[in-house]
$ cat start-v1.tsv   # TSV, C-alpha atoms
chain	number	residue	atom	x	y	z
R	30	MET	CA	-51.44	-37.57	-100.76
R	31	THR	CA	-48.84	-39.32	-98.60
R	32	ILE	CA	-48.00	-42.77	-99.96
R	33	GLU	CA	-47.35	-44.52	-96.68
R	34	ASP	CA	-48.98	-47.47	-94.96
R	35	ALA	CA	-50.91	-46.52	-91.83
R	36	PRO	CA	-52.06	-48.64	-88.87
R	37	GLU	CA	-55.82	-49.14	-88.60
R	38	GLU	CA	-57.98	-51.72	-86.86
R	39	TRP	CA	-61.63	-52.41	-87.67
R	40	ARG	CA	-63.93	-53.65	-84.93
R	41	VAL	CA	-63.88	-57.38	-84.21
R	42	THR	CA	-67.03	-58.80	-82.62
R	43	ALA	CA	-65.83	-62.39	-82.09
R	44	THR	CA	-62.63	-64.44	-82.37
R	45	THR	CA	-61.99	-68.19	-82.47
R	46	VAL	CA	-58.82	-70.24	-82.97
R	47	PRO	CA	-59.80	-73.41	-84.90
R	48	PHE	CA	-56.19	-74.61	-85.23
R	49	ARG	CA	-53.03	-74.33	-83.12
R	50	GLY	CA	-49.73	-75.58	-84.51
R	51	ASN	CA	-46.21	-75.78	-83.14
R	52	LYS	CA	-45.20	-72.27	-84.23
R	53	THR	CA	-48.31	-70.75	-85.81
R	54	SER	CA	-52.08	-70.92	-85.52
R	55	VAL	CA	-55.19	-70.05	-87.51
R	56	ARG	CA	-57.58	-67.40	-86.21
R	57	THR	CA	-61.09	-66.53	-87.34
R	58	ASP	CA	-62.25	-62.96	-86.66
R	59	ASP	CA	-65.74	-61.57	-87.25
R	60	VAL	CA	-64.96	-58.10	-88.60
R	61	VAL	CA	-67.36	-55.18	-89.02
R	62	MET	CA	-67.09	-53.74	-92.55
R	63	PRO	CA	-67.53	-50.03	-93.45
R	64	ASP	CA	-71.10	-50.72	-94.62
R	65	GLY	CA	-72.00	-52.24	-91.24
R	66	ALA	CA	-71.95	-55.87	-92.39
R	67	THR	CA	-70.00	-58.42	-90.35
R	68	VAL	CA	-67.86	-60.95	-92.20
R	69	SER	CA	-65.47	-63.73	-91.13
R	70	ARG	CA	-61.78	-63.51	-91.93
R	71	ASP	CA	-59.44	-66.48	-91.48
R	72	TYR	CA	-55.70	-65.89	-91.20
R	73	GLN	CA	-52.48	-67.41	-89.96
R	74	VAL	CA	-51.11	-65.98	-86.71
R	75	HIS	CA	-47.33	-65.87	-87.08
R	76	PRO	CA	-44.55	-64.83	-84.66
R	77	GLY	CA	-42.67	-62.92	-87.35
R	78	SER	CA	-39.40	-63.57	-89.17
R	79	VAL	CA	-36.06	-62.12	-90.09
R	80	ALA	CA	-34.15	-62.57	-93.33
R	81	ILE	CA	-30.59	-61.63	-94.22
R	82	LEU	CA	-29.21	-60.46	-97.53
R	83	ALA	CA	-25.53	-61.13	-96.85
R	84	LEU	CA	-23.31	-59.40	-99.43
R	85	ASP	CA	-19.62	-60.23	-99.65
R	86	ASP	CA	-16.77	-57.98	-100.80
R	87	ASP	CA	-17.05	-59.35	-104.34
R	88	GLY	CA	-20.69	-58.32	-104.71
R	89	ARG	CA	-22.02	-61.85	-104.25
R	90	VAL	CA	-25.04	-62.77	-102.14
R	91	VAL	CA	-25.09	-65.76	-99.78
R	92	VAL	CA	-27.99	-67.99	-100.84
R	93	LEU	CA	-29.19	-71.44	-99.88
R	94	ARG	CA	-31.36	-74.03	-101.59
R	95	GLN	CA	-33.99	-75.74	-99.47
R	96	TYR	CA	-37.00	-77.99	-100.00
R	97	ARG	CA	-40.32	-76.30	-99.25
R	98	HIS	CA	-43.06	-78.89	-98.97
R	99	PRO	CA	-46.18	-76.68	-99.36
R	100	VAL	CA	-45.08	-75.59	-102.85
R	101	ARG	CA	-43.28	-78.87	-103.76
R	102	HIS	CA	-40.13	-77.03	-104.80
R	103	LYS	CA	-36.51	-76.63	-103.85
R	104	LEU	CA	-36.18	-72.87	-103.62
R	105	TRP	CA	-33.12	-70.64	-103.62
R	106	GLU	CA	-33.49	-68.34	-100.61
R	107	ILE	CA	-31.53	-65.98	-98.41
R	108	PRO	CA	-30.90	-67.05	-94.78
R	109	ALA	CA	-34.02	-66.52	-92.65
R	110	GLY	CA	-35.78	-67.72	-89.54
R	111	LEU	CA	-38.58	-67.22	-87.07
R	112	LEU	CA	-38.63	-64.81	-84.16
R	113	ASP	CA	-38.88	-67.66	-81.67
R	114	VAL	CA	-38.66	-65.56	-78.52
R	115	PRO	CA	-41.39	-62.94	-77.88
R	116	GLY	CA	-39.86	-59.47	-77.82
R	117	GLU	CA	-36.52	-60.71	-79.17
R	118	ASN	CA	-34.31	-58.12	-80.84
R	119	PRO	CA	-34.61	-58.95	-84.56
R	120	LEU	CA	-30.95	-58.11	-85.13
R	121	HIS	CA	-29.91	-60.77	-82.64
R	122	ALA	CA	-32.21	-63.27	-84.34
R	123	ALA	CA	-30.74	-62.38	-87.74
R	124	GLN	CA	-27.19	-62.81	-86.49
R	125	ARG	CA	-28.13	-66.22	-85.10
R	126	GLU	CA	-29.76	-67.33	-88.35
R	127	LEU	CA	-26.82	-66.23	-90.49
R	128	TYR	CA	-24.50	-68.25	-88.26
R	129	GLU	CA	-26.73	-71.33	-88.14
R	130	GLU	CA	-27.62	-71.50	-91.82
R	131	ALA	CA	-24.48	-70.16	-93.51
R	132	TYR	CA	-21.74	-70.28	-90.81
R	133	VAL	CA	-21.06	-66.62	-91.55
R	134	LYS	CA	-20.80	-63.51	-89.39
R	135	ALA	CA	-21.02	-59.88	-90.52
R	136	GLY	CA	-19.38	-56.71	-89.29
R	137	ASP	CA	-21.90	-54.28	-90.77
R	138	TRP	CA	-25.68	-54.59	-90.36
R	139	ARG	CA	-28.48	-52.35	-91.66
R	140	VAL	CA	-32.23	-52.65	-92.18
R	141	LEU	CA	-32.88	-53.20	-95.87
R	142	THR	CA	-36.70	-53.24	-95.71
R	143	ASP	CA	-39.72	-54.48	-93.73
R	144	VAL	CA	-42.54	-56.41	-95.40
R	145	TYR	CA	-45.80	-58.26	-94.81
R	146	PRO	CA	-45.33	-61.23	-97.22
R	147	SER	CA	-48.99	-62.26	-97.38
R	148	PRO	CA	-51.19	-59.67	-95.64
R	149	GLY	CA	-54.43	-61.11	-97.01
R	150	GLY	CA	-53.93	-64.41	-95.23
R	151	SER	CA	-51.29	-64.01	-92.52
R	152	ASP	CA	-50.13	-61.44	-89.97
R	153	GLU	CA	-46.48	-62.42	-90.54
R	154	ALA	CA	-44.06	-59.51	-90.60
R	155	VAL	CA	-40.50	-59.89	-91.91
R	156	ARG	CA	-37.53	-57.60	-91.38
R	157	ILE	CA	-34.89	-58.04	-94.10
R	158	PHE	CA	-31.39	-57.01	-93.11
R	159	LEU	CA	-28.40	-56.15	-95.26
R	160	ALA	CA	-25.25	-57.73	-93.81
R	161	ARG	CA	-21.78	-56.84	-95.11
R	162	ASP	CA	-18.14	-57.25	-94.08
R	163	LEU	CA	-18.58	-61.02	-94.04
R	164	SER	CA	-16.24	-63.57	-92.51
R	165	GLU	CA	-16.42	-67.19	-91.48
R	166	ALA	CA	-18.01	-67.73	-88.10
R	167	GLY	CA	-16.03	-69.23	-85.26
R	168	GLY	CA	-16.91	-72.14	-83.02
R	169	ALA	CA	-18.83	-75.33	-83.69
R	170	ARG	CA	-21.15	-75.52	-86.65
R	171	PHE	CA	-24.87	-75.66	-85.95
R	172	GLU	CA	-26.23	-79.19	-86.22
R	173	VAL	CA	-28.84	-79.19	-88.99
R	174	ALA	CA	-31.83	-81.53	-89.23
R	175	GLU	CA	-34.97	-82.22	-91.29
R	176	GLU	CA	-35.18	-80.03	-94.43
R	177	GLU	CA	-32.02	-78.16	-93.46
R	178	ALA	CA	-29.97	-81.37	-93.60
R	179	ASP	CA	-30.36	-81.27	-97.40
R	180	MET	CA	-29.52	-77.57	-97.75
R	181	GLU	CA	-27.05	-76.31	-100.39
R	182	LEU	CA	-25.07	-73.08	-100.02
R	183	ALA	CA	-23.74	-70.78	-102.74
R	184	ARG	CA	-22.62	-67.22	-103.38
R	185	VAL	CA	-24.21	-65.63	-106.44
R	186	GLU	CA	-23.74	-62.26	-108.13
R	187	LEU	CA	-26.48	-59.78	-107.18
R	188	ALA	CA	-27.20	-59.01	-110.85
R	189	ASP	CA	-27.71	-62.71	-111.62
R	190	LEU	CA	-30.25	-63.02	-108.82
R	191	VAL	CA	-32.11	-59.93	-110.04
R	192	ARG	CA	-32.29	-61.44	-113.51
R	193	GLY	CA	-33.56	-64.72	-112.06
R	194	VAL	CA	-36.36	-62.92	-110.23
R	195	ILE	CA	-37.42	-60.97	-113.34
R	196	ARG	CA	-37.37	-64.11	-115.49
R	197	GLY	CA	-39.59	-66.01	-113.05
R	198	GLU	CA	-36.81	-68.47	-112.17
R	199	LEU	CA	-36.51	-67.48	-108.49
R	200	HIS	CA	-39.66	-67.29	-106.37
R	201	ASN	CA	-38.83	-66.91	-102.68
R	202	THR	CA	-40.36	-63.69	-101.34
R	203	CYS	CA	-37.48	-62.59	-99.13
R	204	LEU	CA	-34.89	-63.28	-101.82
R	205	ALA	CA	-36.91	-61.41	-104.46
R	206	VAL	CA	-37.68	-58.41	-102.26
R	207	GLY	CA	-34.15	-58.33	-100.87
R	208	VAL	CA	-32.22	-58.39	-104.14
R	209	LEU	CA	-34.56	-55.95	-105.87
R	210	ALA	CA	-34.43	-53.58	-102.89
R	211	LEU	CA	-30.64	-53.71	-102.71
R	212	SER	CA	-30.36	-53.17	-106.46
R	213	ALA	CA	-32.53	-50.06	-106.10
R	214	VAL	CA	-30.49	-48.84	-103.12
R	215	LEU	CA	-27.20	-49.21	-104.98
R	216	ALA	CA	-28.64	-47.38	-107.99
R	217	GLY	CA	-30.08	-44.63	-105.80
R	218	ASP	CA	-29.10	-43.14	-102.45
R	219	GLY	CA	-26.60	-45.85	-101.49
R	220	VAL	CA	-26.23	-48.16	-98.52
R	221	GLU	CA	-25.47	-45.29	-96.13
R	222	ALA	CA	-29.07	-44.13	-96.54
R	223	LEU	CA	-30.45	-47.36	-95.04
R	224	ARG	CA	-31.84	-47.42	-91.52
R	225	PRO	CA	-29.63	-48.54	-88.61
R	226	ALA	CA	-29.83	-52.23	-87.73
R	227	GLU	CA	-31.68	-51.63	-84.45
R	228	SER	CA	-34.29	-49.24	-85.84
R	229	PRO	CA	-37.78	-49.52	-84.28
R	230	TRP	CA	-40.12	-52.05	-85.86
R	231	PRO	CA	-43.76	-51.36	-84.92
R	232	ALA	CA	-44.93	-54.64	-86.45
R	233	ARG	CA	-42.81	-56.61	-83.95
R	234	PRO	CA	-41.70	-54.35	-81.07
R	235	PHE	CA	-38.59	-55.44	-79.21
R	236	THR	CA	-37.07	-54.39	-75.91
R	237	SER	CA	-33.29	-54.65	-76.27

$ encode --input "start-v1.tsv" --output "structure tokens"
Amino acid sequence: MTIEDAPEEWRVTATTVPFRGNKTSVRTDDVVMPDGATVSRDYQVHPGSVAILALDDDGRVVVLRQYRHPVRHKLWEIPAGLLDVPGENPLHAAQRELYEEAYVKAGDWRVLTDVYPSPGGSDEAVRIFLARDLSEAGGARFEVAEEEADMELARVELADLVRGVIRGELHNTCLAVGVLALSAVLAGDGVEALRPAESPWPARPFTS
């Protein structure tokens, strides 16, 4: 048996969109099940996201603390953002987000992993990058607003973040997946085994 996710699409007999928001919407599909029954499935339609695990020369990860209203928490996270432009190269989006949220640039980029954070209720796909060879970005700082105006930045040892995830003290999906994946990479085949930064991404195809 090959343990690998595979694309598959069951027949949809009807689709409605009961809600449209600024960036996402909710879709209802009537889906034909293997036994022939048709059932309704509601899910969030999402443009996709990128996240960046930025690792400095001292083995520390760039993290930020931000209020997340749906869960009523301030969460420690890694820099991340939406794929606002259809077909946008996710690497370019990641470079933009790292600059805007952390005022950092990186000389070495690789794909750390690709995930569906909540496949039972959303079609969101996230590409998590590993960024190294960090330095301060040049030019004007990005003007933050709303939740981002209250953001805190820090650099934390990778091992401390791993411990925080295991202890149930850190809950953000991209942070948890990112630090655990990098810990496994460093203990295994090493960073050189990671995919190049512009590797194909079937979940969110890009053109350049």

$ closest_atom_pairs --input "start-v1.tsv" --of "segment 56-117 of chain R" --to "segment 151-154 of chain R" --cutoff "12 Å" --atoms "only C-alpha atoms" --output "Markdown table"
| residue | atom | partner | partner_atom | distance |
| --- | --- | --- | --- | --- |
| R:Arg56 | CA | R:Ser151 | CA | 9.5 |
| R:Thr57 | CA | R:Ser151 | CA | 11.4 |
| R:Arg70 | CA | R:Ser151 | CA | 10.5 |
| R:Asp71 | CA | R:Ser151 | CA | 8.6 |
| R:Tyr72 | CA | R:Ser151 | CA | 5.0 |
| R:Gln73 | CA | R:Ser151 | CA | 4.4 |
| R:Val74 | CA | R:Asp152 | CA | 5.7 |
| R:His75 | CA | R:Glu153 | CA | 5.0 |
| R:Pro76 | CA | R:Glu153 | CA | 6.6 |
| R:Gly77 | CA | R:Ala154 | CA | 4.9 |
| R:Ser78 | CA | R:Ala154 | CA | 6.3 |
| R:Val79 | CA | R:Ala154 | CA | 8.4 |
| R:Ala80 | CA | R:Ala154 | CA | 10.7 |
| R:Gly110 | CA | R:Ala154 | CA | 11.7 |
| R:Leu111 | CA | R:Glu153 | CA | 9.9 |
| R:Leu112 | CA | R:Ala154 | CA | 10.0 |

$ atom_distance --input "start-v1.tsv" --atom1 "atom CA of Val208 of chain R" --atom2 "atom CA of Arg233 of chain R"
22.9 Å

$ residues_around --input "start-v1.tsv" --residues "Pro63 of chain R" --least-positions-apart "2" --cutoff "12 Å" --atoms "all atoms listed in the file" --output "list in words"
Glu38, Trp39, Arg40, Val60, Val61, Gly65, Ala66, Thr67 and Val68 of chain R

$ atom_distance --input "start-v1.tsv" --atom1 "atom CA of Ala226 of chain R" --atom2 "atom CA of Phe158 of chain R"
7.4 Å

$ atom_distance --input "start-v1.tsv" --atom1 "atom CA of Val91 of chain R" --atom2 "atom CA of Val114 of chain R"
25.2 Å

$ residues_around --input "start-v1.tsv" --residues "segment 177-189 of chain R" --least-positions-apart "4" --cutoff "9 Å" --atoms "only C-alpha atoms" --output "list of chain:residue names"
R:Leu84, R:Asp85, R:Asp87, R:Gly88, R:Arg89, R:Val90, R:Val91, R:Val92, R:Leu93, R:Arg94, R:Gln95, R:Tyr96, R:Trp105, R:Glu130, R:Ala131, R:Glu172, R:Val173, R:Gly193, R:Val194, R:Val208, R:Leu211, R:Ser212

$ residues_near_point --input "start-v1.tsv" --point "(-28.1, -63.2, -86.8)" --cutoff "9 Å" --atoms "only C-alpha atoms" --output "NGL selection string"
:R and (79-81 or 109 or 119-129 or 134-135)

$ write_last_selection --input "start-v1.tsv" --atoms "C-alpha atoms" --output "PDB file, keeping the file's coordinate frame"
ATOM      1  CA  VAL R  79     -36.060 -62.120 -90.090  1.00  0.00           C
ATOM      2  CA  ALA R  80     -34.150 -62.570 -93.330  1.00  0.00           C
ATOM      3  CA  ILE R  81     -30.590 -61.630 -94.220  1.00  0.00           C
ATOM      4  CA  ALA R 109     -34.020 -66.520 -92.650  1.00  0.00           C
ATOM      5  CA  PRO R 119     -34.610 -58.950 -84.560  1.00  0.00           C
ATOM      6  CA  LEU R 120     -30.950 -58.110 -85.130  1.00  0.00           C
ATOM      7  CA  HIS R 121     -29.910 -60.770 -82.640  1.00  0.00           C
ATOM      8  CA  ALA R 122     -32.210 -63.270 -84.340  1.00  0.00           C
ATOM      9  CA  ALA R 123     -30.740 -62.380 -87.740  1.00  0.00           C
ATOM     10  CA  GLN R 124     -27.190 -62.810 -86.490  1.00  0.00           C
ATOM     11  CA  ARG R 125     -28.130 -66.220 -85.100  1.00  0.00           C
ATOM     12  CA  GLU R 126     -29.760 -67.330 -88.350  1.00  0.00           C
ATOM     13  CA  LEU R 127     -26.820 -66.230 -90.490  1.00  0.00           C
ATOM     14  CA  TYR R 128     -24.500 -68.250 -88.260  1.00  0.00           C
ATOM     15  CA  GLU R 129     -26.730 -71.330 -88.140  1.00  0.00           C
ATOM     16  CA  LYS R 134     -20.800 -63.510 -89.390  1.00  0.00           C
ATOM     17  CA  ALA R 135     -21.020 -59.880 -90.520  1.00  0.00           C
TER      18      ALA R 135
END

$ closest_residue --input "start-v1.tsv" --among "R:Thr142, R:Glu227, R:Gly167, R:Asp162" --to "Ala213 of chain R" --atoms "all atoms listed in the file"
R:Thr142

$ closest_residue --input "start-v1.tsv" --among "R:Gly217, R:Gly50, R:Pro148, R:Pro108" --to "Ala83 of chain R" --atoms "all atoms listed in the file"
R:Pro108

$ build_atoms --input "start-v1.tsv" --residues "segment 51-64 of chain R" --atoms "N, CA, C and O atoms" --output "JSON list (two decimals), keeping the file's coordinate frame"
[["chain", "number", "residue", "atom", "x", "y", "z"],
["R", 51, "ASN", "N", -47.40, -75.89, -83.96],
["R", 51, "ASN", "CA", -46.21, -75.78, -83.14],
["R", 51, "ASN", "C", -45.71, -74.34, -83.06],
["R", 51, "ASN", "O", -45.32, -73.86, -81.99],
["R", 52, "LYS", "N", -45.71, -73.64, -84.19],
["R", 52, "LYS", "CA", -45.20, -72.27, -84.23],
["R", 52, "LYS", "C", -46.26, -71.24, -84.61],
["R", 52, "LYS", "O", -46.14, -70.07, -84.29],
["R", 53, "THR", "N", -47.27, -71.67, -85.33],
["R", 53, "THR", "CA", -48.31, -70.75, -85.81],
["R", 53, "THR", "C", -49.69, -71.32, -85.51],
["R", 53, "THR", "O", -49.83, -72.48, -85.11],
["R", 54, "SER", "N", -50.70, -70.49, -85.71],
["R", 54, "SER", "CA", -52.08, -70.92, -85.52],
["R", 54, "SER", "C", -52.95, -70.27, -86.58],
["R", 54, "SER", "O", -52.49, -69.42, -87.35],
["R", 55, "VAL", "N", -54.21, -70.67, -86.62],
["R", 55, "VAL", "CA", -55.19, -70.05, -87.51],
["R", 55, "VAL", "C", -56.27, -69.40, -86.65],
["R", 55, "VAL", "O", -56.79, -70.02, -85.71],
["R", 56, "ARG", "N", -56.58, -68.15, -86.96],
["R", 56, "ARG", "CA", -57.58, -67.40, -86.21],
["R", 56, "ARG", "C", -58.72, -67.00, -87.14],
["R", 56, "ARG", "O", -58.49, -66.68, -88.31],
["R", 57, "THR", "N", -59.91, -67.02, -86.62],
["R", 57, "THR", "CA", -61.09, -66.53, -87.34],
["R", 57, "THR", "C", -61.65, -65.34, -86.59],
["R", 57, "THR", "O", -62.04, -65.46, -85.42],
["R", 58, "ASP", "N", -61.68, -64.18, -87.24],
["R", 58, "ASP", "CA", -62.25, -62.96, -86.66],
["R", 58, "ASP", "C", -63.53, -62.59, -87.39],
["R", 58, "ASP", "O", -63.58, -62.67, -88.63],
["R", 59, "ASP", "N", -64.54, -62.18, -86.66],
["R", 59, "ASP", "CA", -65.74, -61.57, -87.25],
["R", 59, "ASP", "C", -65.51, -60.06, -87.24],
["R", 59, "ASP", "O", -65.42, -59.44, -86.17],
["R", 60, "VAL", "N", -65.39, -59.49, -88.45],
["R", 60, "VAL", "CA", -64.96, -58.10, -88.60],
["R", 60, "VAL", "C", -66.11, -57.26, -89.16],
["R", 60, "VAL", "O", -66.76, -57.65, -90.14],
["R", 61, "VAL", "N", -66.32, -56.10, -88.56],
["R", 61, "VAL", "CA", -67.36, -55.18, -89.02],
["R", 61, "VAL", "C", -66.81, -54.36, -90.20],
["R", 61, "VAL", "O", -65.80, -53.66, -90.06],
["R", 62, "MET", "N", -67.49, -54.44, -91.34],
["R", 62, "MET", "CA", -67.09, -53.74, -92.55],
["R", 62, "MET", "C", -67.59, -52.28, -92.53],
["R", 62, "MET", "O", -68.46, -51.92, -91.74],
["R", 63, "PRO", "N", -67.08, -51.43, -93.42],
["R", 63, "PRO", "CA", -67.53, -50.03, -93.45],
["R", 63, "PRO", "C", -69.03, -49.87, -93.69],
["R", 63, "PRO", "O", -69.62, -48.87, -93.25],
["R", 64, "ASP", "N", -69.66, -50.84, -94.38],
["R", 64, "ASP", "CA", -71.10, -50.72, -94.62],
["R", 64, "ASP", "C", -71.94, -51.28, -93.48],
["R", 64, "ASP", "O", -73.17, -51.35, -93.57]]
